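Text of protein21.cif, listed as mmCIF, C-alpha atoms:
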```cif
data_final
loop_
_atom_site.label_atom_id
_atom_site.label_comp_id
_atom_site.auth_asym_id
_atom_site.auth_seq_id
_atom_site.Cartn_x
_atom_site.Cartn_y
_atom_site.Cartn_z
CA MET A 77 11.52 8.94 -21.04
CA GLY A 78 8.37 8.88 -18.92
CA LYS A 79 7.52 7.24 -15.64
CA LEU A 80 6.97 3.50 -15.82
CA VAL A 81 5.51 0.96 -13.38
CA ARG A 82 6.86 -2.55 -13.83
CA ALA A 83 7.53 -5.78 -11.98
CA SER A 84 10.50 -5.41 -9.68
CA THR A 85 13.73 -7.36 -10.13
CA ASP A 86 16.53 -8.31 -7.75
CA ALA A 87 18.58 -5.54 -9.39
CA ASP A 88 16.10 -3.00 -7.95
CA MET A 89 16.63 -4.02 -4.35
CA ASP A 90 19.45 -1.56 -3.58
CA ALA A 91 17.21 1.34 -4.62
CA VAL A 92 14.23 -0.19 -2.79
CA GLN A 93 16.41 -0.49 0.31
CA ARG A 94 17.39 3.20 0.18
CA ILE A 95 13.74 4.28 -0.15
CA TYR A 96 12.61 1.99 2.65
CA ALA A 97 15.54 2.85 4.96
CA HIS A 98 14.60 6.52 4.80
CA GLU A 99 11.08 5.69 5.97
CA VAL A 100 12.39 3.38 8.71
CA PHE A 101 14.65 6.12 10.08
CA PHE A 102 12.44 9.17 9.61
CA GLY A 103 8.84 8.11 8.93
CA LEU A 104 5.88 6.45 10.55
CA SER A 105 4.48 4.40 7.69
CA THR A 106 6.49 1.42 8.91
CA PHE A 107 7.06 0.48 12.52
CA GLU A 108 10.36 -1.22 11.77
CA GLU A 109 13.17 0.50 13.65
CA HIS A 110 16.21 -0.96 11.87
CA PRO A 111 16.24 -0.96 8.08
CA PRO A 112 16.72 -4.37 6.51
CA CYS A 113 19.56 -4.80 4.04
CA ALA A 114 18.96 -5.25 0.31
CA GLN A 115 19.45 -9.01 0.64
CA GLU A 116 16.68 -9.23 3.25
CA LEU A 117 14.38 -7.13 1.06
CA SER A 118 15.19 -9.44 -1.84
CA LYS A 119 14.17 -12.42 0.31
CA ARG A 120 10.93 -10.66 1.26
CA ARG A 121 10.30 -9.95 -2.43
CA GLN A 122 10.81 -13.63 -3.27
CA ASP A 123 8.33 -14.59 -0.52
CA VAL A 124 5.72 -12.24 -2.05
CA LEU A 125 6.33 -13.60 -5.54
CA ALA A 126 6.14 -17.20 -4.28
CA LEU A 127 2.58 -16.45 -3.15
CA GLY A 128 1.75 -15.30 -6.69
CA MET A 129 1.42 -11.68 -5.59
CA PRO A 130 2.81 -8.62 -7.35
CA HIS A 131 5.91 -6.66 -6.31
CA LEU A 132 6.23 -3.49 -8.42
CA VAL A 133 8.55 -0.52 -8.85
CA ALA A 134 8.07 2.86 -10.47
CA GLU A 135 11.01 4.17 -12.44
CA MET A 136 11.99 7.07 -14.60
CA ASP A 137 15.16 7.15 -16.71
CA GLY A 138 16.36 3.98 -14.97
CA ASP A 139 15.94 5.38 -11.43
CA VAL A 140 13.59 3.59 -9.04
CA LEU A 141 11.23 6.18 -7.54
CA GLY A 142 9.06 3.94 -5.38
CA PHE A 143 7.81 0.42 -4.84
CA ALA A 144 4.61 -1.37 -3.90
CA TYR A 145 3.59 -4.92 -3.24
CA ALA A 146 0.75 -7.06 -1.98
CA ASN A 147 1.12 -9.69 0.67
CA ARG A 148 -1.10 -11.90 2.79
CA HIS A 149 -3.21 -9.88 5.19
CA ARG A 150 -2.99 -12.65 7.78
CA PRO A 151 -1.63 -16.20 7.66
CA ARG A 152 -4.78 -18.16 8.53
CA PRO A 153 -6.53 -19.86 5.59
CA ALA A 154 -9.76 -17.88 6.07
CA TYR A 155 -7.85 -14.76 4.95
CA ASN A 156 -6.43 -16.29 1.74
CA ARG A 157 -8.55 -14.03 -0.47
CA THR A 158 -7.56 -10.80 1.29
CA VAL A 159 -4.31 -8.96 0.54
CA GLU A 160 -2.60 -6.12 2.31
CA ASN A 161 -0.80 -3.47 0.30
CA SER A 162 2.47 -1.72 1.06
CA ILE A 163 3.66 1.32 -0.85
CA TYR A 164 6.70 3.54 -0.43
CA VAL A 165 7.76 6.51 -2.55
CA ALA A 166 11.16 8.22 -2.49
CA GLU A 167 11.07 11.30 -0.28
CA ASN A 168 11.85 13.69 -3.16
CA MET A 169 9.10 12.19 -5.35
CA ARG A 170 6.13 12.44 -2.99
CA GLY A 171 3.20 14.42 -4.36
CA THR A 172 4.23 13.78 -7.98
CA GLY A 173 1.70 11.05 -8.80
CA ILE A 174 4.15 8.16 -8.36
CA GLY A 175 2.16 6.74 -5.46
CA LYS A 176 -1.08 6.81 -7.43
CA MET A 177 0.59 5.12 -10.40
CA LEU A 178 2.01 2.37 -8.17
CA LEU A 179 -1.13 1.74 -6.14
CA SER A 180 -3.37 1.79 -9.24
CA ALA A 181 -1.14 -0.80 -10.91
CA LEU A 182 -1.07 -2.91 -7.75
CA ILE A 183 -4.86 -2.84 -7.48
CA ASP A 184 -5.19 -3.82 -11.16
CA GLU A 185 -2.74 -6.72 -10.76
CA CYS A 186 -4.50 -8.02 -7.66
CA ALA A 187 -7.96 -7.63 -9.23
CA ARG A 188 -6.85 -10.07 -11.95
CA GLY A 189 -6.01 -12.64 -9.27
CA PRO A 190 -8.18 -14.65 -6.90
CA TRP A 191 -8.33 -11.97 -4.21
CA GLN A 192 -11.54 -10.32 -3.05
CA GLN A 193 -10.39 -7.53 -0.72
CA MET A 194 -7.37 -5.25 -0.30
CA VAL A 195 -6.51 -3.81 3.09
CA ALA A 196 -4.22 -0.89 3.85
CA VAL A 197 -2.68 -0.55 7.31
CA ILE A 198 -1.44 3.04 7.36
CA GLY A 199 0.96 4.17 10.04
CA ASP A 200 -0.02 7.47 11.66
CA SER A 201 -3.56 8.83 11.56
CA GLY A 202 -1.98 12.15 10.52
CA ASN A 203 -0.58 10.64 7.30
CA ALA A 204 -2.80 12.73 5.03
CA GLY A 205 -0.86 11.79 1.89
CA SER A 206 -1.34 8.04 2.21
CA ILE A 207 -4.90 8.31 3.51
CA GLY A 208 -5.79 10.66 0.64
CA LEU A 209 -4.12 8.41 -1.93
CA HIS A 210 -6.01 5.35 -0.73
CA THR A 211 -9.30 7.28 -0.55
CA SER A 212 -8.82 8.52 -4.13
CA LEU A 213 -8.57 4.90 -5.29
CA GLY A 214 -11.73 3.67 -3.62
CA PHE A 215 -10.56 2.66 -0.15
CA GLN A 216 -12.87 3.29 2.79
CA ARG A 217 -11.62 3.97 6.30
CA VAL A 218 -12.85 1.07 8.44
CA GLY A 219 -11.06 1.75 11.69
CA ILE A 220 -8.28 3.31 13.69
CA LEU A 221 -6.12 1.43 16.17
CA GLN A 222 -5.14 4.13 18.59
CA SER A 223 -1.62 4.41 20.02
CA VAL A 224 -0.57 0.88 19.00
CA GLY A 225 3.00 1.72 17.98
CA PHE A 226 5.74 3.73 19.64
CA LYS A 227 8.20 5.27 17.21
CA LEU A 228 10.24 8.46 16.94
CA GLY A 229 9.45 9.30 20.55
CA ARG A 230 5.68 9.17 20.35
CA TRP A 231 2.67 6.87 20.27
CA VAL A 232 1.34 6.29 16.77
CA ASP A 233 -2.07 5.17 15.50
CA THR A 234 -2.70 2.93 12.54
CA VAL A 235 -5.54 3.60 10.13
CA ILE A 236 -7.22 0.58 8.56
CA MET A 237 -8.66 1.09 5.08
CA GLN A 238 -10.26 -1.43 2.73
CA ARG A 239 -11.55 -1.79 -0.81
CA SER A 240 -13.09 -4.53 -2.88
CA LEU A 241 -11.09 -5.99 -5.73
CA THR A 242 -14.12 -7.46 -7.51
#
```

Please re-express this file's structure in structure tokens.
Amino acid sequence: MGKLVRASTDADMDAVQRIYAHEVFFGLSTFEEHPPCAQELSKRRQDVLALGMPHLVAEMDGDVLGFAYANRHRPRPAYNRTVENSIYVAENMRGTGIGKMLLSALIDECARGPWQQMVAVIGDSGNAGSIGLHTSLGFQRVGILQSVGFKLGRWVDTVIMQRSLT
């Protein structure tokens, strides 16, 4: 069976939690310091879906390999047509094309909605994998917030990237 991107379900949240917890503990793409439990991630998923936004997983042979979703960029009404993407791939699946499959599907889903722009807020200006992935799918680097997060014993930048959905 091949790799498949599909809408996530509550049954996926244990696998999503394992993928995300690894990044919380060892990575810089999220600035959370304590991994949320599967129930909290399920609640967050429901909040995304309640906004009409996609929450996707990539799977192969029934195993969840990564997840991606769109959410509001900011809560004020002026930003209602701008979404922010989040994407996480299991550590052992990075560099296999899973991220590109997920982000491509997320862009396609959002482009069918009312949104005009997608923003990526990428933790760590040295995150060549995520920056390269976003660049390959039409995102432009629009800024760097220098030393805005402190995690894993060091100050971390965030890279802001953006692409049109229309």

**OP:** For Gln216 in chain A, please output as a ChimeraX atom specification all residues within 12 Å (counting only C-alpha atoms; exclusion window: fewer than 4 positions along the same chain).
**Re:** /A:193-197,207-212,220,235-240

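The space separating CA of Gly189 in chain A from CA of Pro130 in chain A comes to 9.9 Å.
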
Subject >> Nearest to Met89 in chain A by atom-to-atom distance, counting all atoms listed in the file, from A:Ser223, A:Gln115, A:Gln122, A:Thr106 >> reply: A:Gln115

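Of the residues listed (A:Leu241, A:Leu178, A:Ile198, A:Leu132), A:Ile198 shows the shortest atom-to-atom separation from Gly225 in chain A; distances use all atoms listed in the file.
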
Subject >> Separation of CA of Asp86 in chain A from CA of Val140 in chain A in Å >> reply: 12.3 Å

**OP:** Evaluate the PyMOL selection byres ((chain A and resi 174) around 12) on the structure here and hand back the selected residues as a ChimeraX atom specification.
**Re:** /A:78-81,132-136,140-144,163-173,175-181,205-206,209

Please enumerate the residues selected by the PyMOL selection byres ((chain A and resi 231) around 12) when evaluated against the supplied file, formatted as a CSV table (one decimal) with C-alpha atoms, in the coordinates of the input.
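Wrote expr-v1.csv, looks like this:
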```
chain,number,residue,atom,x,y,z
A,104,LEU,CA,5.9,6.4,10.6
A,107,PHE,CA,7.1,0.5,12.5
A,199,GLY,CA,1.0,4.2,10.0
A,200,ASP,CA,0.0,7.5,11.7
A,201,SER,CA,-3.6,8.8,11.6
A,221,LEU,CA,-6.1,1.4,16.2
A,222,GLN,CA,-5.1,4.1,18.6
A,223,SER,CA,-1.6,4.4,20.0
A,224,VAL,CA,-0.6,0.9,19.0
A,225,GLY,CA,3.0,1.7,18.0
A,226,PHE,CA,5.7,3.7,19.6
A,227,LYS,CA,8.2,5.3,17.2
A,228,LEU,CA,10.2,8.5,16.9
A,229,GLY,CA,9.4,9.3,20.6
A,230,ARG,CA,5.7,9.2,20.4
A,232,VAL,CA,1.3,6.3,16.8
A,233,ASP,CA,-2.1,5.2,15.5
A,234,THR,CA,-2.7,2.9,12.5
```

Original post:
Contacts of Met129 in chain A at 9 Å or less, counting only C-alpha atoms, minus same-chain residues fewer than 5 places along, as a ChimeraX atom specification?
Top reply: /A:124,145-148,159,185-186,189

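CA of Ala83 in chain A to CA of His131 in chain A spans 6.0 Å [interatomic distance, one decimal].
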
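Using all atoms listed in the file, the nearest neighbour of Leu213 in chain A within the list A:Leu182, A:Gln192, A:Lys119, A:Asp139 is A:Leu182.
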
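Distance annotation: of A:Glu116, A:Ser105, A:Ala126, A:Gly138, the residue with the minimal separation from Arg82 in chain A is A:Gly138; atom set is all atoms listed in the file.
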